[in-house]
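Visitor: File follows, start-v5.txt with compact mmCIF, C-alpha atoms:
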```txt
# COMPACT_ATOMS: atom_id res chain seq x y z
CA MET A 1 28.47 -44.24 141.96
CA SER A 2 29.60 -46.21 144.98
CA GLN A 3 29.44 -44.42 148.31
CA ASN A 4 33.17 -45.18 148.63
CA ASN A 5 33.88 -42.67 145.90
CA LYS A 6 35.18 -39.27 146.84
CA LEU A 7 35.04 -36.37 144.39
CA PHE A 8 38.58 -35.27 143.69
CA ASP A 9 38.22 -32.66 140.94
CA GLU A 10 36.68 -31.98 137.56
CA VAL A 11 38.53 -31.16 134.34
CA LEU A 12 37.05 -30.04 131.04
CA ILE A 13 38.85 -31.40 127.96
CA ASP A 14 37.38 -30.84 124.49
CA ASP A 15 34.00 -30.01 126.06
CA VAL A 16 33.93 -33.33 127.93
CA ILE A 17 33.88 -33.35 131.73
CA LEU A 18 36.42 -35.71 133.26
CA ASN A 19 35.47 -36.48 136.84
CA HIS A 20 38.34 -37.30 139.20
CA HIS A 21 37.61 -39.64 142.10
CA THR A 22 39.37 -41.82 144.64
CA ILE A 23 38.08 -45.19 145.79
CA LEU A 24 39.25 -47.67 148.44
CA VAL A 25 40.20 -51.13 147.14
CA ASN A 26 42.47 -53.72 148.75
CA ASP A 27 43.17 -51.24 151.59
CA ILE A 28 44.61 -48.60 149.25
CA LYS A 29 43.11 -45.55 147.57
CA LEU A 30 43.07 -45.58 143.80
CA HIS A 31 42.62 -42.40 141.83
CA TYR A 32 40.66 -42.66 138.60
CA VAL A 33 39.08 -40.51 135.94
CA ILE A 34 35.64 -41.32 134.54
CA ALA A 35 33.71 -39.78 131.64
CA GLY A 36 30.87 -40.55 129.26
CA SER A 37 28.13 -43.16 129.35
CA GLY A 38 27.43 -46.57 127.91
CA ASP A 39 29.34 -49.83 128.13
CA PRO A 40 32.42 -49.62 130.40
CA LEU A 41 35.81 -49.20 128.74
CA VAL A 42 38.81 -49.41 131.09
CA LEU A 43 42.14 -47.86 130.03
CA LEU A 44 45.34 -48.92 131.84
CA HIS A 45 48.47 -46.80 131.44
CA GLY A 46 52.13 -47.82 131.40
CA TRP A 47 55.41 -46.47 132.75
CA PRO A 48 56.45 -43.62 132.95
CA GLN A 49 52.90 -42.40 132.64
CA THR A 50 49.59 -42.14 134.50
CA TRP A 51 45.92 -41.90 133.51
CA TYR A 52 47.01 -38.66 131.79
CA ALA A 53 48.38 -40.70 128.87
CA TRP A 54 44.77 -41.08 127.67
CA LYS A 55 43.82 -37.40 127.79
CA HIS A 56 43.67 -37.00 123.98
CA VAL A 57 41.46 -40.05 123.44
CA ILE A 58 39.04 -39.96 126.38
CA PRO A 59 36.77 -37.21 124.94
CA ALA A 60 36.12 -39.09 121.68
CA LEU A 61 35.74 -42.45 123.42
CA ALA A 62 33.37 -40.95 126.00
CA GLU A 63 30.88 -40.29 123.20
CA HIS A 64 30.38 -44.06 122.97
CA TYR A 65 31.44 -45.59 126.31
CA THR A 66 31.77 -45.04 130.03
CA VAL A 67 35.52 -44.49 130.05
CA ILE A 68 37.40 -45.37 133.25
CA ALA A 69 41.10 -44.44 133.39
CA PRO A 70 42.70 -45.27 136.75
CA ASP A 71 46.14 -44.55 138.11
CA LEU A 72 47.55 -47.98 138.93
CA ARG A 73 48.63 -48.70 142.49
CA GLY A 74 51.74 -46.60 143.18
CA PHE A 75 51.24 -44.29 140.18
CA GLY A 76 49.91 -40.78 139.75
CA ASP A 77 47.58 -39.75 142.54
CA SER A 78 46.94 -43.29 143.80
CA ASP A 79 48.45 -44.53 147.07
CA LYS A 80 52.11 -45.60 147.20
CA PRO A 81 52.12 -48.81 149.27
CA ALA A 82 55.17 -50.93 150.07
CA GLY A 83 54.15 -53.91 147.94
CA GLY A 84 51.61 -55.48 145.63
CA PHE A 85 53.22 -54.64 142.29
CA ASP A 86 53.03 -58.04 140.66
CA LYS A 87 50.61 -57.85 137.76
CA LYS A 88 48.11 -60.26 139.30
CA THR A 89 47.68 -57.98 142.33
CA LEU A 90 47.53 -54.84 140.19
CA ALA A 91 44.84 -56.53 138.10
CA ASP A 92 42.88 -57.40 141.22
CA ASP A 93 42.92 -53.72 142.22
CA ILE A 94 41.29 -52.82 138.91
CA TYR A 95 38.84 -55.72 139.08
CA LYS A 96 37.61 -54.53 142.47
CA LEU A 97 37.45 -50.93 141.25
CA VAL A 98 35.28 -51.99 138.30
CA HIS A 99 32.91 -53.96 140.52
CA LYS A 100 32.65 -51.18 143.12
CA LEU A 101 31.54 -48.91 140.29
CA GLY A 102 28.76 -51.39 139.55
CA PHE A 103 30.15 -52.96 136.37
CA GLU A 104 31.01 -56.55 135.51
CA GLN A 105 31.75 -57.17 131.84
CA ILE A 106 34.10 -54.59 130.38
CA TYR A 107 36.18 -53.68 127.38
CA LEU A 108 39.80 -53.59 128.56
CA VAL A 109 42.74 -51.70 127.05
CA GLY A 110 46.32 -51.77 128.35
CA HIS A 111 49.52 -50.12 127.21
CA ASP A 112 53.05 -51.10 128.29
CA ILE A 113 52.97 -52.14 132.00
CA GLY A 114 49.22 -51.56 131.88
CA GLY A 115 49.01 -54.15 129.11
CA MET A 116 50.65 -56.70 131.39
CA VAL A 117 48.04 -55.88 134.03
CA ALA A 118 45.25 -56.12 131.46
CA TYR A 119 46.42 -59.59 130.40
CA ALA A 120 46.44 -60.77 134.03
CA TYR A 121 42.91 -59.35 134.48
CA ALA A 122 41.68 -61.18 131.37
CA ALA A 123 43.39 -64.43 132.37
CA GLU A 124 41.96 -64.29 135.90
CA HIS A 125 38.46 -63.19 134.83
CA PRO A 126 37.97 -64.23 131.20
CA GLU A 127 34.17 -64.19 131.51
CA ASP A 128 34.27 -60.50 132.50
CA VAL A 129 36.37 -59.17 129.61
CA ARG A 130 34.34 -58.79 126.44
CA LYS A 131 37.30 -57.71 124.33
CA LEU A 132 40.96 -57.13 125.18
CA VAL A 133 43.31 -54.61 123.56
CA LEU A 134 47.06 -54.69 124.22
CA MET A 135 49.41 -51.99 122.98
CA ASP A 136 53.13 -51.93 122.34
CA LEU A 137 54.47 -54.40 124.87
CA LEU A 138 55.61 -57.97 125.23
CA LEU A 139 54.33 -60.10 128.07
CA PRO A 140 56.66 -61.46 130.75
CA GLY A 141 57.25 -65.14 130.08
CA VAL A 142 55.92 -64.75 126.53
CA GLY A 143 58.71 -62.90 124.74
CA LEU A 144 59.61 -60.00 127.03
CA GLU A 145 62.77 -61.69 128.28
CA GLU A 146 64.30 -61.51 124.80
CA VAL A 147 63.94 -57.73 124.58
CA MET A 148 65.29 -57.40 128.15
CA ASP A 149 68.57 -59.07 127.10
CA VAL A 150 71.06 -56.25 126.40
CA SER A 151 73.63 -58.77 125.14
CA LYS A 152 71.27 -59.32 122.20
CA GLY A 153 70.48 -55.66 121.63
CA GLY A 154 67.62 -55.51 124.11
CA TYR A 155 66.49 -52.48 126.11
CA TRP A 156 68.86 -51.52 128.94
CA HIS A 157 66.33 -50.01 131.32
CA PHE A 158 64.57 -53.26 132.28
CA GLY A 159 67.55 -54.61 134.20
CA TRP A 160 68.42 -51.18 135.58
CA HIS A 161 64.94 -50.65 136.98
CA MET A 162 65.09 -54.08 138.63
CA VAL A 163 68.13 -53.11 140.73
CA ARG A 164 67.05 -52.54 144.33
CA ASP A 165 67.14 -48.90 145.61
CA LEU A 166 69.94 -47.60 143.35
CA PRO A 167 67.78 -46.15 140.52
CA GLU A 168 65.68 -44.19 143.00
CA ALA A 169 68.78 -42.76 144.68
CA LEU A 170 70.38 -41.58 141.44
CA ILE A 171 67.24 -40.33 139.66
CA SER A 172 65.59 -38.50 142.56
CA GLY A 173 65.72 -34.77 141.84
CA ARG A 174 66.50 -35.49 138.18
CA GLU A 175 63.11 -36.86 137.18
CA ARG A 176 62.69 -34.49 134.23
CA ILE A 177 66.01 -35.48 132.70
CA TYR A 178 65.26 -39.17 133.14
CA LEU A 179 61.64 -39.22 131.96
CA SER A 180 62.37 -36.92 129.02
CA HIS A 181 64.92 -39.43 127.76
CA PHE A 182 62.22 -42.09 127.31
CA PHE A 183 59.70 -39.77 125.71
CA ARG A 184 62.37 -38.59 123.30
CA GLU A 185 63.96 -41.93 122.45
CA LEU A 186 60.89 -44.17 122.29
CA SER A 187 58.57 -41.92 120.29
CA TYR A 188 58.49 -41.40 116.53
CA ASN A 189 57.60 -37.73 116.99
CA PRO A 190 58.95 -36.48 120.35
CA ASN A 191 56.92 -33.27 120.01
CA ALA A 192 53.74 -35.31 120.47
CA ILE A 193 54.49 -35.27 124.19
CA SER A 194 54.67 -31.61 125.11
CA ASP A 195 56.58 -29.81 127.84
CA GLU A 196 53.25 -29.44 129.65
CA ASP A 197 52.73 -33.19 129.47
CA ILE A 198 56.20 -33.80 130.87
CA ASP A 199 55.46 -31.31 133.66
CA GLU A 200 52.51 -33.46 134.73
CA TYR A 201 54.50 -36.70 134.63
CA VAL A 202 57.36 -35.11 136.56
CA ARG A 203 54.87 -33.89 139.17
CA CYS A 204 53.61 -37.42 139.64
CA TYR A 205 56.97 -39.20 139.62
CA SER A 206 58.52 -36.64 141.97
CA SER A 207 56.00 -37.38 144.72
CA PRO A 208 57.24 -39.45 147.69
CA GLY A 209 57.52 -43.11 146.82
CA ALA A 210 56.56 -42.73 143.16
CA LEU A 211 59.91 -43.73 141.65
CA ARG A 212 60.12 -46.75 143.92
CA CYS A 213 56.61 -47.89 143.02
CA GLY A 214 57.24 -47.50 139.32
CA PHE A 215 60.42 -49.56 139.51
CA GLU A 216 58.71 -52.20 141.65
CA THR A 217 56.54 -53.05 138.64
CA TYR A 218 59.80 -54.03 136.91
CA ARG A 219 61.21 -55.90 139.91
CA THR A 220 58.31 -58.36 139.73
CA LEU A 221 58.70 -59.14 136.01
CA LEU A 222 60.43 -62.49 136.45
CA ALA A 223 57.73 -63.66 138.86
CA ASP A 224 55.11 -62.27 136.49
CA GLY A 225 56.62 -64.39 133.74
CA GLU A 226 56.18 -67.56 135.77
CA GLN A 227 52.58 -66.61 136.49
CA ASN A 228 51.93 -65.92 132.80
CA LYS A 229 53.23 -69.35 131.85
CA LYS A 230 50.54 -70.79 134.11
CA TYR A 231 47.91 -68.53 132.56
CA ALA A 232 49.00 -69.62 129.06
CA THR A 233 47.96 -73.21 129.71
CA GLN A 234 44.41 -71.96 129.10
CA LYS A 235 44.36 -69.65 126.11
CA LEU A 236 42.16 -66.56 126.11
CA GLN A 237 39.01 -67.00 124.05
CA MET A 238 37.72 -63.41 123.86
CA PRO A 239 38.70 -61.29 120.84
CA VAL A 240 42.16 -59.78 121.40
CA GLN A 241 43.57 -56.87 119.40
CA ALA A 242 47.29 -56.10 119.32
CA TYR A 243 48.55 -52.62 118.41
CA GLY A 244 52.22 -51.89 117.85
CA GLY A 245 53.94 -48.69 116.81
CA GLN A 246 55.72 -49.00 113.47
CA ASN A 247 58.91 -47.69 115.06
CA SER A 248 58.51 -49.73 118.23
CA ALA A 249 56.96 -53.17 118.87
CA GLY A 250 55.47 -53.37 115.39
CA ASP A 251 54.11 -56.88 114.78
CA MET A 252 56.06 -58.59 117.60
CA LEU A 253 53.21 -58.32 120.08
CA TYR A 254 50.80 -60.07 117.72
CA GLN A 255 53.21 -62.91 117.07
CA SER A 256 53.79 -63.46 120.79
CA LEU A 257 50.08 -63.36 121.68
CA LEU A 258 49.38 -66.36 119.46
CA ALA A 259 50.81 -68.45 122.31
CA VAL A 260 48.26 -67.19 124.84
CA ALA A 261 45.08 -66.37 122.88
CA ASP A 262 43.07 -68.09 120.14
CA ASN A 263 41.36 -65.06 118.60
CA VAL A 264 44.03 -62.43 117.94
CA SER A 265 44.12 -59.68 115.32
CA SER A 266 46.76 -57.03 114.79
CA LYS A 267 47.37 -53.52 113.51
CA VAL A 268 50.71 -51.76 113.14
CA ILE A 269 50.29 -47.99 113.63
CA GLU A 270 52.37 -46.20 111.00
CA GLY A 271 54.44 -43.13 111.84
CA CYS A 272 54.30 -44.02 115.52
CA GLY A 273 56.63 -45.09 118.29
CA HIS A 274 55.82 -46.50 121.71
CA TYR A 275 53.25 -43.94 122.91
CA ILE A 276 50.34 -44.67 120.57
CA PRO A 277 47.51 -42.80 122.37
CA GLU A 278 49.61 -39.64 122.54
CA GLU A 279 51.42 -39.87 119.20
CA ARG A 280 48.47 -40.95 117.02
CA PRO A 281 45.33 -40.35 119.10
CA ASP A 282 42.94 -39.95 116.15
CA VAL A 283 44.14 -43.16 114.51
CA PHE A 284 43.97 -45.01 117.81
CA VAL A 285 40.39 -43.90 118.51
CA GLN A 286 39.23 -44.87 115.03
CA GLU A 287 40.91 -48.27 115.17
CA LEU A 288 39.70 -49.00 118.70
CA ILE A 289 36.06 -48.11 118.03
CA THR A 290 36.11 -50.20 114.84
CA PHE A 291 37.43 -53.20 116.75
CA LEU A 292 35.03 -52.85 119.66
CA ASN A 293 32.05 -52.49 117.30
CA LYS A 294 32.83 -55.62 115.26
```
Represent the structure contained in this file as structure tokens.
Guide:
Amino acid sequence: MSQNNKLFDEVLIDDVILNHHTILVNDIKLHYVIAGSGDPLVLLHGWPQTWYAWKHVIPALAEHYTVIAPDLRGFGDSDKPAGGFDKKTLADDIYKLVHKLGFEQIYLVGHDIGGMVAYAYAAEHPEDVRKLVLMDLLLPGVGLEEVMDVSKGGYWHFGWHMVRDLPEALISGRERIYLSHFFRELSYNPNAISDEDIDEYVRCYSSPGALRCGFETYRTLLADGEQNKKYATQKLQMPVQAYGGQNSAGDMLYQSLLAVADNVSSKVIEGCGHYIPEERPDVFVQELITFLNK
């Protein structure tokens, strides 16, 4: 481990020790969880989640890989800076984290906002990503704008989160009500995300600056789209796997990724909504290991 690491805590889940650390990158402290041994596998969470979204899958994956699950800049127990929430900068945070831990080539998995970060990482450092897995999202500039358009039946919260200051003012103190709405409405089985899970997410998103930071990742989406159009001029060559929940993105992610990658495969996860690692953890682990071992 790098000398910049600071032991934060240890948690035992399914007989696997998850070590919590913080590390300084780009003048901010990132919190991350690490477990297991072997080739590095980096897991990037989405909104409104943290590293904790991977808690059900880390123990099984740690039997095969060194699993690294960070809190993105502004999320969870990482620092809450004023800026740097475009996906290129968020990806650079993770790139520097990986290298400070002594790794170079990695397997990279991203869900939701984390998937946008993972794509930026792979586009910036294609030689360092052995395989890329994206889950239940559409990339800015490559299809996301269509599902942001409420006049065409798109999701309302994208535009709302992009409004400056107002969402924070109205949601502060009501984080449980707001976050529970998304876990209830975007999952196939809402009971997959327990009250205890929601307690942890509310703890994180109630901390000073957390709502603002989360919404800042939405306020950069239009700029991210312009950046992704530049990335798309050179298609990704590494194997890319797209996962979509049957009751969420489905096959849309796969179809959109054909514009940015040459070697794309796809799997629709049945009986699942947006939160694949929490709704169908066993299926996800099996599918992921199969893909990585091909």
Visitor: Would you kindly return, as a list in words, each protein, DNA or RNA residue with an atom no farther than 8 Å from any atom of A:Leu179, considering only C-alpha atoms and excluding same-chain residues fewer than 6 positions away?
Guide: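 Counting only the stated atoms, we get Pro48, Ile198 and Val202 of chain A.
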Visitor: For stretch 274-290 of chain A, work out the shell of residues within 9 Å, counting only C-alpha atoms and skipping chain neighbours fewer than 3 positions away, then give it as a PyMOL selection string.
Guide: chain A and resi 53-58+60-61+64+111-112+133+135-137+183+186-193+241+243-249+267+269-271+293-294
Visitor: Would you mind listing what lies within 12 Å of A:Ala82 as a short mmCIF file (atom, residue, chain, number, x, y, z; two decimals) with C-alpha atoms, in the frame of the given file, with all atoms listed in the file counted and same-chain residues fewer than 6 positions away left out?
Guide:
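To be explicit, this is the file written out as part25.cif:
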```
data_model
loop_
_atom_site.label_atom_id
_atom_site.label_comp_id
_atom_site.auth_asym_id
_atom_site.auth_seq_id
_atom_site.Cartn_x
_atom_site.Cartn_y
_atom_site.Cartn_z
CA ILE A 28 44.61 -48.60 149.25
CA ARG A 73 48.63 -48.70 142.49
CA GLY A 74 51.74 -46.60 143.18
CA PRO A 208 57.24 -39.45 147.69
CA GLY A 209 57.52 -43.11 146.82
CA ALA A 210 56.56 -42.73 143.16
CA ARG A 212 60.12 -46.75 143.92
CA CYS A 213 56.61 -47.89 143.02
CA GLY A 214 57.24 -47.50 139.32
CA PHE A 215 60.42 -49.56 139.51
CA GLU A 216 58.71 -52.20 141.65
CA THR A 217 56.54 -53.05 138.64
#
```
Visitor: Given the choices A:Ala242, A:Val142, A:Ala122, A:Val42, which gets closest to A:Ala259 if the distance is worked out from only C-alpha atoms?
Guide: A:Val142
Visitor: Counting all atoms listed in the file, find the residues whose atoms lie at most 10 Å from (60.8, -37.2, 131.0) (file coordinates) and write them out as a PyMOL selection string.
Guide: chain A and resi 48-49+174-184+193+195+197-202+205
Visitor: Work out how far atom CA of A:Pro126 is from atom CA of A:Gly143, in Å to one decimal.
Guide: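 It comes out at 21.8 Å.
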Visitor: Name all residues at most 10 Å from A:Leu134 (count only C-alpha atoms; drop same-chain ones fewer than 6 positions away) and give them as a count of residues only.
Guide: 21
Visitor: Pull the closest atom pair for each residue of stretch 70-130 of chain A that gets at most 8 Å from stretch 221-226 of chain A, along with the distance in Å to one decimal, counting all atoms listed in the file, ordering rows by chain and then ascending residue number, as a Markdown table.
Guide:
```
| residue | atom | partner | partner_atom | distance |
| --- | --- | --- | --- | --- |
| A:Asp86 | CA | A:Asp224 | CA | 6.3 |
| A:Lys87 | CA | A:Asp224 | CA | 6.4 |
| A:Lys88 | CA | A:Asp224 | CA | 7.8 |
```
Visitor: What does the distance from atom CA of A:Lys80 to atom CA of A:Leu41 come to in Å, to one decimal?
Guide: 24.9 Å
Visitor: Can you tell me which residues surround A:Ala232 at a distance of at most 10 Å, considering all atoms listed in the file, apart from same-chain residues fewer than 4 positions away, and format the answer as a PyMOL selection string?
Guide: chain A and resi 123+141-142+227-228+236+257+259-261
Visitor: So how many Å separate atom CA of A:Ile34 and atom CA of A:Asn19, to one decimal?
Guide: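 Those two atoms sit 5.4 Å apart.
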Visitor: From the block I gave, I'd like stretch 189-200 of chain A written with all heavy atoms, as a JSON list (two decimals), in the first residue's frame.
Guide:
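Contents of selection_15.json, freshly written:
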```
[["chain", "number", "residue", "atom", "x", "y", "z"],
["A", 189, "ASN", "N", -37.63, -4.78, -7.66],
["A", 189, "ASN", "CA", -38.04, -5.23, -6.33],
["A", 189, "ASN", "C", -37.52, -4.23, -5.31],
["A", 189, "ASN", "O", -36.36, -4.29, -4.90],
["A", 189, "ASN", "CB", -37.46, -6.62, -6.03],
["A", 189, "ASN", "CG", -37.73, -7.07, -4.60],
["A", 189, "ASN", "OD1", -38.59, -6.52, -3.91],
["A", 189, "ASN", "ND2", -36.99, -8.07, -4.16],
["A", 190, "PRO", "N", -38.34, -3.28, -4.88],
["A", 190, "PRO", "CA", -37.89, -2.24, -3.94],
["A", 190, "PRO", "C", -37.34, -2.80, -2.64],
["A", 190, "PRO", "O", -36.52, -2.15, -1.98],
["A", 190, "PRO", "CB", -39.16, -1.40, -3.70],
["A", 190, "PRO", "CG", -40.04, -1.68, -4.87],
["A", 190, "PRO", "CD", -39.76, -3.10, -5.27],
["A", 191, "ASN", "N", -37.75, -4.01, -2.24],
["A", 191, "ASN", "CA", -37.27, -4.58, -1.00],
["A", 191, "ASN", "C", -35.81, -5.00, -1.07],
["A", 191, "ASN", "O", -35.20, -5.32, -0.05],
["A", 191, "ASN", "CB", -38.13, -5.79, -0.62],
["A", 191, "ASN", "CG", -39.56, -5.38, -0.28],
["A", 191, "ASN", "OD1", -39.80, -4.32, 0.29],
["A", 191, "ASN", "ND2", -40.53, -6.22, -0.63],
["A", 192, "ALA", "N", -35.25, -5.01, -2.29],
["A", 192, "ALA", "CA", -33.84, -5.37, -2.43],
["A", 192, "ALA", "C", -32.93, -4.34, -1.76],
["A", 192, "ALA", "O", -31.81, -4.66, -1.37],
["A", 192, "ALA", "CB", -33.48, -5.51, -3.90],
["A", 193, "ILE", "N", -33.42, -3.13, -1.64],
["A", 193, "ILE", "CA", -32.68, -2.07, -0.96],
["A", 193, "ILE", "C", -33.39, -1.82, 0.37],
["A", 193, "ILE", "O", -34.48, -1.27, 0.41],
["A", 193, "ILE", "CB", -32.60, -0.81, -1.81],
["A", 193, "ILE", "CG1", -31.87, -1.13, -3.12],
["A", 193, "ILE", "CG2", -31.90, 0.32, -1.08],
["A", 193, "ILE", "CD1", -31.84, -0.02, -4.12],
["A", 194, "SER", "N", -32.78, -2.28, 1.44],
["A", 194, "SER", "CA", -33.42, -2.34, 2.74],
["A", 194, "SER", "C", -33.44, -0.98, 3.43],
["A", 194, "SER", "O", -32.78, -0.02, 2.99],
["A", 194, "SER", "CB", -32.69, -3.34, 3.64],
["A", 194, "SER", "OG", -31.39, -2.86, 3.95],
["A", 195, "ASP", "N", -34.19, -0.91, 4.52],
["A", 195, "ASP", "CA", -34.20, 0.31, 5.33],
["A", 195, "ASP", "C", -32.80, 0.62, 5.85],
["A", 195, "ASP", "O", -32.39, 1.79, 5.94],
["A", 195, "ASP", "CB", -35.16, 0.16, 6.51],
["A", 195, "ASP", "CG", -36.62, 0.20, 6.07],
["A", 195, "ASP", "OD1", -36.90, 0.67, 4.96],
["A", 195, "ASP", "OD2", -37.48, -0.26, 6.85],
["A", 196, "GLU", "N", -32.04, -0.43, 6.19],
["A", 196, "GLU", "CA", -30.66, -0.24, 6.65],
["A", 196, "GLU", "C", -29.80, 0.36, 5.55],
["A", 196, "GLU", "O", -28.96, 1.24, 5.82],
["A", 196, "GLU", "CB", -30.08, -1.57, 7.12],
["A", 196, "GLU", "CG", -28.66, -1.46, 7.65],
["A", 196, "GLU", "CD", -28.09, -2.81, 8.08],
["A", 196, "GLU", "OE1", -28.79, -3.84, 7.92],
["A", 196, "GLU", "OE2", -26.94, -2.82, 8.56],
["A", 197, "ASP", "N", -30.00, -0.12, 4.33],
["A", 197, "ASP", "CA", -29.26, 0.45, 3.20],
["A", 197, "ASP", "C", -29.60, 1.93, 3.03],
["A", 197, "ASP", "O", -28.70, 2.76, 2.84],
["A", 197, "ASP", "CB", -29.62, -0.29, 1.91],
["A", 197, "ASP", "CG", -29.21, -1.76, 1.93],
["A", 197, "ASP", "OD1", -28.30, -2.11, 2.70],
["A", 197, "ASP", "OD2", -29.82, -2.54, 1.17],
["A", 198, "ILE", "N", -30.87, 2.25, 3.09],
["A", 198, "ILE", "CA", -31.29, 3.64, 2.93],
["A", 198, "ILE", "C", -30.72, 4.50, 4.06],
["A", 198, "ILE", "O", -30.32, 5.65, 3.84],
["A", 198, "ILE", "CB", -32.81, 3.74, 2.85],
["A", 198, "ILE", "CG1", -33.30, 3.03, 1.58],
["A", 198, "ILE", "CG2", -33.28, 5.19, 2.86],
["A", 198, "ILE", "CD1", -34.81, 2.96, 1.43],
["A", 199, "ASP", "N", -30.65, 3.93, 5.27],
["A", 199, "ASP", "CA", -30.03, 4.66, 6.38],
["A", 199, "ASP", "C", -28.61, 5.10, 6.03],
["A", 199, "ASP", "O", -28.20, 6.24, 6.30],
["A", 199, "ASP", "CB", -29.98, 3.78, 7.64],
["A", 199, "ASP", "CG", -31.33, 3.59, 8.30],
["A", 199, "ASP", "OD1", -32.25, 4.37, 8.00],
["A", 199, "ASP", "OD2", -31.45, 2.65, 9.11],
["A", 200, "GLU", "N", -27.85, 4.18, 5.42],
["A", 200, "GLU", "CA", -26.47, 4.50, 5.07],
["A", 200, "GLU", "C", -26.40, 5.57, 3.99],
["A", 200, "GLU", "O", -25.59, 6.50, 4.08],
["A", 200, "GLU", "CB", -25.74, 3.23, 4.61],
["A", 200, "GLU", "CG", -24.36, 3.45, 4.01],
["A", 200, "GLU", "CD", -23.35, 4.08, 4.96],
["A", 200, "GLU", "OE1", -23.63, 4.19, 6.19],
["A", 200, "GLU", "OE2", -22.27, 4.47, 4.47]]
```
